[in-house]
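Trainee: So I've got this file, work03.cif, and it contains mmCIF, C-alpha atoms:
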```cif
data_coords
loop_
_atom_site.label_atom_id
_atom_site.label_comp_id
_atom_site.auth_asym_id
_atom_site.auth_seq_id
_atom_site.Cartn_x
_atom_site.Cartn_y
_atom_site.Cartn_z
CA MET X 16 -44.91 3.30 -8.09
CA PHE X 17 -41.31 2.03 -7.89
CA ARG X 18 -39.90 -0.40 -10.44
CA GLY X 19 -36.66 -1.96 -11.61
CA SER X 20 -33.12 -1.62 -10.32
CA ILE X 21 -33.02 0.73 -7.35
CA VAL X 22 -29.52 1.12 -5.98
CA ALA X 23 -29.02 0.95 -2.20
CA LEU X 24 -26.42 3.68 -2.44
CA VAL X 25 -23.32 3.70 -0.25
CA THR X 26 -22.35 6.88 1.57
CA PRO X 27 -18.78 7.60 0.41
CA MET X 28 -16.41 8.59 3.20
CA HIS X 29 -12.82 9.71 3.50
CA ALA X 30 -10.32 7.67 5.49
CA ASP X 31 -11.13 9.70 8.62
CA GLY X 32 -14.87 8.87 8.31
CA ALA X 33 -15.98 12.29 7.02
CA VAL X 34 -18.57 12.14 4.24
CA ASP X 35 -16.98 12.42 0.79
CA TRP X 36 -19.44 14.82 -0.82
CA GLU X 37 -17.69 15.07 -4.18
CA SER X 38 -17.75 11.29 -4.65
CA LEU X 39 -21.38 11.16 -3.54
CA ARG X 40 -22.39 13.59 -6.29
CA ARG X 41 -20.29 11.70 -8.82
CA LEU X 42 -21.95 8.40 -7.91
CA VAL X 43 -25.41 9.88 -8.40
CA ASP X 44 -24.46 11.19 -11.85
CA TRP X 45 -23.01 7.79 -12.75
CA HIS X 46 -26.21 6.00 -11.80
CA VAL X 47 -28.26 8.39 -13.91
CA GLU X 48 -25.93 7.74 -16.87
CA GLN X 49 -26.12 3.97 -16.33
CA GLY X 50 -29.92 3.97 -16.35
CA THR X 51 -30.53 3.06 -12.70
CA HIS X 52 -34.26 3.36 -11.97
CA GLY X 53 -34.00 4.87 -8.48
CA ILE X 54 -31.77 5.54 -5.47
CA VAL X 55 -32.18 4.63 -1.84
CA ALA X 56 -30.29 7.18 0.26
CA THR X 57 -29.29 6.63 3.90
CA GLY X 58 -30.33 3.00 3.99
CA THR X 59 -28.43 0.17 5.64
CA THR X 60 -25.91 0.19 2.77
CA GLY X 61 -25.57 3.95 3.29
CA GLU X 62 -24.50 3.37 6.93
CA SER X 63 -27.55 5.16 8.29
CA ALA X 64 -26.90 3.69 11.74
CA THR X 65 -23.78 5.84 12.13
CA LEU X 66 -25.05 9.06 10.55
CA GLY X 67 -26.16 11.76 12.96
CA PHE X 68 -29.43 13.61 12.41
CA GLU X 69 -27.75 16.55 10.66
CA GLU X 70 -25.60 14.28 8.47
CA HIS X 71 -28.64 12.19 7.61
CA ASP X 72 -30.43 15.30 6.32
CA LEU X 73 -27.37 16.59 4.48
CA VAL X 74 -26.81 13.29 2.65
CA ILE X 75 -30.44 13.16 1.53
CA LYS X 76 -30.36 16.81 0.42
CA GLU X 77 -27.13 16.25 -1.52
CA ILE X 78 -28.48 13.18 -3.32
CA VAL X 79 -31.76 14.92 -4.15
CA SER X 80 -29.83 17.93 -5.44
CA ALA X 81 -27.48 15.79 -7.53
CA ALA X 82 -30.35 13.70 -8.93
CA ARG X 83 -32.18 16.85 -10.11
CA GLY X 84 -35.39 14.90 -10.66
CA ARG X 85 -33.75 12.53 -13.12
CA LEU X 86 -34.62 9.50 -10.98
CA PRO X 87 -36.58 9.08 -7.75
CA VAL X 88 -34.85 9.26 -4.38
CA ILE X 89 -36.15 7.11 -1.54
CA ALA X 90 -34.77 8.09 1.86
CA GLY X 91 -34.16 5.52 4.57
CA THR X 92 -35.83 6.93 7.68
CA GLY X 93 -36.53 3.90 9.83
CA ALA X 94 -35.72 3.63 13.53
CA ASN X 95 -36.65 1.52 16.53
CA ASN X 96 -37.97 4.66 18.21
CA THR X 97 -41.26 5.74 16.65
CA ASP X 98 -40.78 9.43 17.45
CA GLU X 99 -37.30 9.34 15.93
CA ALA X 100 -38.63 7.64 12.78
CA ILE X 101 -41.30 10.34 12.46
CA ARG X 102 -38.67 13.06 12.81
CA LEU X 103 -36.40 11.46 10.19
CA THR X 104 -39.32 10.95 7.80
CA ARG X 105 -40.57 14.51 8.23
CA ASP X 106 -37.06 15.85 7.63
CA ALA X 107 -36.65 13.68 4.52
CA LYS X 108 -39.84 15.09 3.06
CA GLU X 109 -38.54 18.61 3.67
CA ASP X 110 -35.23 17.59 2.08
CA GLY X 111 -37.06 16.73 -1.14
CA ALA X 112 -37.14 12.93 -1.03
CA ASP X 113 -39.77 11.29 -3.24
CA ALA X 114 -40.54 8.56 -0.70
CA CYS X 115 -39.23 7.02 2.50
CA LEU X 116 -38.05 3.50 3.35
CA LEU X 117 -38.86 2.37 6.87
CA VAL X 118 -37.18 -0.67 8.37
CA THR X 119 -38.89 -2.69 11.07
CA PRO X 120 -37.77 -1.66 14.57
CA TYR X 121 -34.63 -3.54 15.55
CA TYR X 122 -33.55 -4.87 18.96
CA ASN X 123 -36.76 -4.15 20.89
CA LYS X 124 -38.70 -6.98 19.15
CA PRO X 125 -42.22 -5.51 18.87
CA THR X 126 -45.30 -7.66 18.46
CA GLN X 127 -47.18 -7.67 15.16
CA GLU X 128 -49.65 -5.20 16.68
CA GLY X 129 -46.72 -3.04 17.75
CA LEU X 130 -45.38 -3.07 14.20
CA TYR X 131 -48.77 -2.08 12.85
CA GLN X 132 -49.13 0.81 15.29
CA HIS X 133 -45.54 1.96 14.68
CA PHE X 134 -45.90 2.22 10.92
CA LEU X 135 -49.42 3.59 11.13
CA ALA X 136 -48.20 6.40 13.37
CA ILE X 137 -45.45 7.36 10.91
CA ALA X 138 -47.82 7.24 7.94
CA ARG X 139 -50.34 9.45 9.70
CA ALA X 140 -47.69 11.91 10.83
CA VAL X 141 -45.97 12.48 7.47
CA ASP X 142 -47.79 12.67 4.14
CA ILE X 143 -45.19 11.12 1.86
CA PRO X 144 -45.17 7.73 0.07
CA GLN X 145 -43.70 5.13 2.41
CA VAL X 146 -42.16 1.73 1.68
CA LEU X 147 -41.92 -0.76 4.52
CA TYR X 148 -38.73 -2.81 4.93
CA ASN X 149 -38.66 -6.33 6.34
CA VAL X 150 -35.18 -7.75 6.95
CA PRO X 151 -35.35 -10.13 9.91
CA GLY X 152 -31.77 -11.29 9.38
CA ARG X 153 -30.59 -7.87 10.58
CA THR X 154 -33.38 -6.74 12.87
CA ALA X 155 -34.47 -9.95 14.66
CA CYS X 156 -38.01 -8.83 13.78
CA ASP X 157 -40.15 -10.44 11.08
CA MET X 158 -43.19 -8.50 9.86
CA LEU X 159 -45.68 -11.17 8.82
CA PRO X 160 -47.83 -11.00 5.66
CA GLU X 161 -51.03 -10.39 7.60
CA THR X 162 -49.49 -7.29 9.18
CA VAL X 163 -48.31 -6.04 5.80
CA GLU X 164 -51.82 -6.60 4.46
CA ARG X 165 -53.28 -4.39 7.20
CA LEU X 166 -50.72 -1.68 6.49
CA SER X 167 -51.21 -1.87 2.71
CA LYS X 168 -54.66 -0.34 3.26
CA VAL X 169 -53.06 2.87 4.57
CA PRO X 170 -53.11 5.27 1.57
CA ASN X 171 -49.50 6.49 1.71
CA ILE X 172 -47.95 3.08 2.48
CA VAL X 173 -47.23 2.04 -1.08
CA GLY X 174 -44.93 -0.95 -0.92
CA LEU X 175 -42.62 -3.33 0.87
CA LYS X 176 -38.94 -4.13 0.55
CA GLU X 177 -38.92 -7.85 1.38
CA ALA X 178 -35.51 -9.28 2.26
CA THR X 179 -36.38 -12.74 3.52
CA GLY X 180 -35.51 -14.24 0.13
CA SER X 181 -38.72 -16.28 0.18
CA VAL X 182 -40.62 -16.45 -3.11
CA GLU X 183 -43.47 -18.17 -1.26
CA ARG X 184 -43.70 -15.14 1.04
CA VAL X 185 -43.88 -12.86 -1.99
CA ARG X 186 -46.73 -14.85 -3.53
CA GLU X 187 -48.67 -14.66 -0.29
CA LEU X 188 -48.07 -10.92 -0.05
CA GLN X 189 -49.33 -10.42 -3.59
CA GLU X 190 -52.50 -12.35 -2.84
CA ARG X 191 -53.10 -10.36 0.34
CA CYS X 192 -52.10 -6.88 -0.83
CA GLY X 193 -53.08 -6.81 -4.51
CA PRO X 194 -51.24 -5.71 -7.67
CA ASP X 195 -51.03 -2.00 -6.82
CA PHE X 196 -48.87 -2.61 -3.74
CA ASP X 197 -45.19 -2.62 -4.72
CA ILE X 198 -43.22 -5.66 -3.56
CA ILE X 199 -39.51 -5.05 -4.04
CA SER X 200 -36.68 -7.45 -3.32
CA GLY X 201 -34.09 -6.58 -0.71
CA ASP X 202 -31.94 -9.61 -1.49
CA ASP X 203 -29.88 -9.61 -4.70
CA GLY X 204 -29.42 -13.37 -4.71
CA THR X 205 -33.16 -14.06 -4.97
CA ALA X 206 -34.34 -10.84 -6.64
CA LEU X 207 -34.70 -12.44 -10.06
CA GLU X 208 -37.08 -15.14 -8.84
CA LEU X 209 -39.06 -12.56 -6.88
CA MET X 210 -39.55 -10.43 -10.01
CA LEU X 211 -40.47 -13.43 -12.15
CA ALA X 212 -43.04 -14.29 -9.48
CA GLY X 213 -44.61 -10.84 -9.88
CA GLY X 214 -42.41 -8.57 -7.79
CA HIS X 215 -41.68 -5.06 -8.98
CA GLY X 216 -37.92 -4.61 -8.63
CA ASP X 217 -34.80 -4.88 -6.52
CA ILE X 218 -33.26 -2.51 -4.00
CA SER X 219 -29.78 -3.66 -4.81
CA VAL X 220 -26.27 -3.68 -3.35
CA THR X 221 -24.85 -5.16 -6.56
CA ALA X 222 -26.17 -2.16 -8.50
CA ASN X 223 -23.52 -0.04 -6.76
CA VAL X 224 -20.79 -1.67 -8.86
CA ALA X 225 -22.64 -3.00 -11.93
CA PRO X 226 -25.58 -0.63 -12.42
CA ALA X 227 -26.21 -1.05 -16.15
CA ARG X 228 -26.16 -4.83 -15.91
CA MET X 229 -28.58 -4.80 -12.99
CA VAL X 230 -30.87 -2.54 -15.01
CA ALA X 231 -30.75 -4.96 -17.94
CA MET X 232 -31.50 -7.95 -15.71
CA CYS X 233 -34.39 -6.22 -13.96
CA ASN X 234 -35.84 -4.98 -17.24
CA ALA X 235 -35.76 -8.49 -18.72
CA ALA X 236 -37.39 -9.98 -15.63
CA LEU X 237 -40.12 -7.35 -15.49
CA GLU X 238 -40.81 -7.80 -19.20
CA GLY X 239 -41.27 -11.54 -18.61
CA ASP X 240 -38.18 -12.57 -20.61
CA ALA X 241 -37.16 -15.24 -18.10
CA ASP X 242 -34.42 -16.82 -20.23
CA ARG X 243 -32.59 -13.55 -20.82
CA ALA X 244 -33.08 -12.45 -17.22
CA ARG X 245 -31.66 -15.73 -15.92
CA ALA X 246 -28.69 -15.54 -18.26
CA LEU X 247 -27.90 -12.01 -17.10
CA ASN X 248 -28.39 -12.94 -13.47
CA ASP X 249 -26.09 -15.96 -13.80
CA GLU X 250 -23.35 -13.58 -14.89
CA LEU X 251 -24.02 -11.31 -11.91
CA ASP X 252 -24.29 -14.11 -9.37
CA PRO X 253 -20.61 -13.98 -8.25
CA LEU X 254 -21.15 -10.32 -7.33
CA HIS X 255 -24.39 -11.11 -5.48
CA ARG X 256 -22.38 -13.65 -3.49
CA ASP X 257 -19.06 -11.91 -2.85
CA LEU X 258 -20.43 -8.46 -2.07
CA PHE X 259 -21.69 -10.15 1.10
CA ILE X 260 -18.47 -12.00 1.93
CA GLU X 261 -18.42 -9.83 5.05
CA SER X 262 -21.16 -7.66 6.55
CA SER X 263 -22.56 -5.21 4.00
CA PRO X 264 -21.57 -2.51 3.14
CA ILE X 265 -17.97 -3.49 3.97
CA PRO X 266 -17.31 -5.37 0.69
CA VAL X 267 -19.17 -3.01 -1.65
CA LYS X 268 -17.42 0.07 -0.25
CA TRP X 269 -14.06 -1.61 -0.71
CA ALA X 270 -15.03 -2.61 -4.26
CA LEU X 271 -15.96 0.96 -5.18
CA TYR X 272 -12.67 2.18 -3.73
CA GLU X 273 -10.76 -0.37 -5.81
CA MET X 274 -12.73 0.74 -8.87
CA GLY X 275 -11.60 4.33 -8.27
CA MET X 276 -15.10 5.59 -7.58
CA MET X 277 -14.53 6.95 -4.06
CA ASP X 278 -12.25 7.07 -1.03
CA ARG X 279 -11.78 4.12 1.34
CA GLY X 280 -13.60 5.36 4.47
CA ILE X 281 -16.02 3.34 6.58
CA ARG X 282 -17.22 3.98 10.13
CA LEU X 283 -16.90 1.87 13.22
CA PRO X 284 -18.20 -0.55 14.32
CA LEU X 285 -17.68 -1.65 10.69
CA THR X 286 -14.07 -2.18 9.70
CA PRO X 287 -12.27 -2.34 6.34
CA LEU X 288 -12.50 -5.57 4.35
CA SER X 289 -10.08 -8.21 5.61
CA ALA X 290 -7.08 -9.23 3.50
CA PRO X 291 -8.35 -12.74 2.60
CA ALA X 292 -11.72 -11.30 1.57
CA GLN X 293 -9.99 -8.59 -0.47
CA GLU X 294 -8.15 -11.25 -2.47
CA ARG X 295 -11.33 -13.14 -3.26
CA LEU X 296 -13.40 -10.06 -4.11
CA ARG X 297 -10.61 -8.61 -6.24
CA GLU X 298 -10.58 -11.81 -8.32
CA THR X 299 -14.36 -11.57 -8.75
CA LEU X 300 -14.21 -7.91 -9.78
CA ARG X 301 -11.53 -8.73 -12.35
CA ALA X 302 -13.53 -11.65 -13.72
CA GLN X 303 -16.52 -9.30 -14.03
CA GLY X 304 -14.46 -6.76 -15.97
CA LEU X 305 -14.73 -4.18 -13.20
CA LEU X 306 -10.98 -4.12 -12.48
CA GLU X 307 -8.05 -4.48 -14.84
CA ALA X 308 -6.54 -7.94 -14.84
#
```
Could you quickly redo this structure as structure tokens?
Mentor:
Amino acid sequence: MFRGSIVALVTPMHADGAVDWESLRRLVDWHVEQGTHGIVATGTTGESATLGFEEHDLVIKEIVSAARGRLPVIAGTGANNTDEAIRLTRDAKEDGADACLLVTPYYNKPTQEGLYQHFLAIARAVDIPQVLYNVPGRTACDMLPETVERLSKVPNIVGLKEATGSVERVRELQERCGPDFDIISGDDGTALELMLAGGHGDISVTANVAPARMVAMCNAALEGDADRARALNDELDPLHRDLFIESSPIPVKWALYEMGMMDRGIRLPLTPLSAPAQERLRETLRAQGLLEA
């Protein structure tokens, strides 16, 4: 259902933290022009943790409106409170999202049965395609392949964003869930190998700053052209690395500001990129042709 380079879109903000709506619309248009295959709105990279309910809805609505059906919009609606996740998912459907992305509950460390019941409840409550999201490095919660297999049998659970970086995990998931269940990378550094192993795409931070090149790399990988995909990915690797020099989305928001794409705002508890990290990332952006030398 979902393929290729799917940008994990930032939420542009002014210096005072207010959402920068004009830049948000401009970013969506840019991604359409660059050939990006899809947008994730209000995900981790979109600072969903600091958006209120009303802001969350407004950001999704604005992205859907700006996209105008030209590419699919997947709304991040996960929460560690099942009722809250249902509310966010229901609202996203009303806002016009094509699908929802649901992260595993963070902090409360549910059992595998708890994870199954959590996602099953959301799927039953809201009839919209849903993509699960496993990122134990952020949530301290790892959804195991056997749990994903159980959930893959739920009709409107259509895929998984897998951010462990483990190709072995991906192969096991494919065997358990079958070819019609979308397995999408959530880790730019290992996305190429995941796609060459049979994965379907990448929900990408790097695509925020180099969208056309991420599209080309993903297309080559999905077409089975491993040599070209690896060559393209080798060129992108410094971005995969340095856009995580500090907690994401700190570096990517700073990069987009430096590129003149949006204002500099970011919300606490995240802080602006530190001076030493700015120097390193600026050098990388220049080497990548994204800033003037």
Trainee: Quick one: residues within 9 Å of Glu177 in chain X, all atoms listed in the file counted, chain neighbours fewer than 6 positions away excluded, as a ChimeraX atom specification?
Mentor: /X:147-150,184-185,198-202
Trainee: Given the choices X:Cys156, X:Met16, X:Val55, X:Ala241, which gets closest to Pro144 in chain X if the distance is worked out from all atoms listed in the file?
Mentor: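 Between X:Cys156, X:Met16, X:Val55, X:Ala241, the residue approaching Pro144 in chain X most closely is X:Met16.
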Trainee: Output the residue selection produced by the PyMOL selection byres ((chain X and resi 121-133) around 6) on the file above, formatted as a list in words.
Mentor: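 Evaluating the PyMOL selection byres ((chain X and resi 121-133) around 6) on these coordinates yields Asn95, Pro120, Phe134, Leu135, Ala136, Thr154 and Cys156 of chain X.
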Trainee: What does the PyMOL selection byres ((chain X and resi 250) around 12) select in this file, as a PyMOL selection string?
Mentor: chain X and resi 204+221+225+228-229+231-232+243-249+251-256+299-300+302-304
Trainee: For the residues in that selection, give me C-alpha atoms as an mmCIF file, in the coordinates of the input.
Mentor:
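Contents of the output file selection.cif:
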```
data_model
loop_
_atom_site.group_PDB
_atom_site.id
_atom_site.type_symbol
_atom_site.label_atom_id
_atom_site.label_comp_id
_atom_site.auth_asym_id
_atom_site.auth_seq_id
_atom_site.Cartn_x
_atom_site.Cartn_y
_atom_site.Cartn_z
ATOM 1 C CA GLY X 204 -29.420 -13.370 -4.710
ATOM 2 C CA THR X 221 -24.850 -5.160 -6.560
ATOM 3 C CA ALA X 225 -22.640 -3.000 -11.930
ATOM 4 C CA ARG X 228 -26.160 -4.830 -15.910
ATOM 5 C CA MET X 229 -28.580 -4.800 -12.990
ATOM 6 C CA ALA X 231 -30.750 -4.960 -17.940
ATOM 7 C CA MET X 232 -31.500 -7.950 -15.710
ATOM 8 C CA ARG X 243 -32.590 -13.550 -20.820
ATOM 9 C CA ALA X 244 -33.080 -12.450 -17.220
ATOM 10 C CA ARG X 245 -31.660 -15.730 -15.920
ATOM 11 C CA ALA X 246 -28.690 -15.540 -18.260
ATOM 12 C CA LEU X 247 -27.900 -12.010 -17.100
ATOM 13 C CA ASN X 248 -28.390 -12.940 -13.470
ATOM 14 C CA ASP X 249 -26.090 -15.960 -13.800
ATOM 15 C CA LEU X 251 -24.020 -11.310 -11.910
ATOM 16 C CA ASP X 252 -24.290 -14.110 -9.370
ATOM 17 C CA PRO X 253 -20.610 -13.980 -8.250
ATOM 18 C CA LEU X 254 -21.150 -10.320 -7.330
ATOM 19 C CA HIS X 255 -24.390 -11.110 -5.480
ATOM 20 C CA ARG X 256 -22.380 -13.650 -3.490
ATOM 21 C CA THR X 299 -14.360 -11.570 -8.750
ATOM 22 C CA LEU X 300 -14.210 -7.910 -9.780
ATOM 23 C CA ALA X 302 -13.530 -11.650 -13.720
ATOM 24 C CA GLN X 303 -16.520 -9.300 -14.030
ATOM 25 C CA GLY X 304 -14.460 -6.760 -15.970
#
```
Trainee: Run the PyMOL selection byres ((chain X and resi 78-91) around 9) mentally over the shown coordinates, then write out the matched residues as JSON, numbers by chain, using the chain letters and numbers from the document.
Mentor: {"X": [17, 39, 40, 41, 43, 44, 47, 51, 52, 53, 54, 55, 56, 57, 58, 59, 61, 63, 73, 74, 75, 76, 77, 92, 93, 103, 104, 107, 108, 110, 111, 112, 113, 114, 115, 116, 117, 118, 145, 146]}
Trainee: Go through X:Cys192, X:Leu159, X:Ala236, X:Val230 and flag the residue nearest Ala212 in chain X, using all atoms listed in the file for the distances.
Mentor: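 Using all atoms listed in the file, Ala212 in chain X sits closest to X:Ala236.
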Trainee: Just checking: using all atoms listed in the file, which residue out of X:Ala222, X:Met158, X:Ala138, X:Leu207 ends up closest to Val173 in chain X?
Mentor: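 For Val173 in chain X, the nearest of the given residues is X:Ala138.
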Trainee: When distances are computed from all atoms listed in the file, which of X:Thr286, X:Gly152, X:Gly50, X:Leu24 shows the smallest separation from Asn234 in chain X?
Mentor: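 Looking at the shortest contact to Asn234 in chain X, the residue is X:Gly50.
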Trainee: Considering all atoms listed in the file, return as a PDB file with C-alpha atoms, keeping the file's coordinate frame whatever protein or nucleic-acid residues lie within 10 Å of Asp31 in chain X, sequence-local ones (same chain, fewer than 6 positions apart) excluded.
Mentor:
```pdb
ATOM      1  CA  ARG X 279     -11.780   4.120   1.340  1.00  0.00           C
ATOM      2  CA  GLY X 280     -13.600   5.360   4.470  1.00  0.00           C
ATOM      3  CA  ILE X 281     -16.020   3.340   6.580  1.00  0.00           C
ATOM      4  CA  ARG X 282     -17.220   3.980  10.130  1.00  0.00           C
TER       5      ARG X 282
END
```
Trainee: Please provide as a list in words all residues within 10 Å of Glu261 in chain X, with the sequence filter that same-chain residues fewer than 3 positions apart are discarded (counting only C-alpha atoms).
Mentor: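 The filter keeps Asp257, Leu258, Pro264, Ile265, Pro266, Val267, Leu285, Thr286, Pro287, Leu288, Ser289 and Ala292 of chain X.
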Trainee: Which of these residues is nearest to Leu296 in chain X, using only C-alpha atoms: X:Ile218, X:Leu188, X:Met277, X:Leu271?
Mentor: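 The shortest atom-to-atom distance to Leu296 in chain X comes from X:Leu271.
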Trainee: So how far away is CA of Thr205 in chain X from CA of Gly180 in chain X, in Å?
Mentor: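 According to the coordinates, CA of Gly180 in chain X and CA of Thr205 in chain X are separated by 5.6 Å.
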Trainee: Name all residues at most 10 Å from Glu307 in chain X (count all atoms listed in the file; drop same-chain ones fewer than 6 positions away) and give them as a ChimeraX atom specification.
Mentor: /X:274,297,300-301
Trainee: Calculated over all atoms listed in the file, which of the candidates X:Gly239, X:Pro170, X:Gly214, X:Pro284 has the smallest distance to Asp142 in chain X?
Mentor: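 With all atoms listed in the file as the atom set, the closest residue is X:Pro170.
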Trainee: Report the distance between CA of His71 in chain X and CA of Gly19 in chain X in Å, rounded to one decimal place.
Mentor: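 Value for the CA of His71 in chain X-CA of Gly19 in chain X distance: 25.2 Å.
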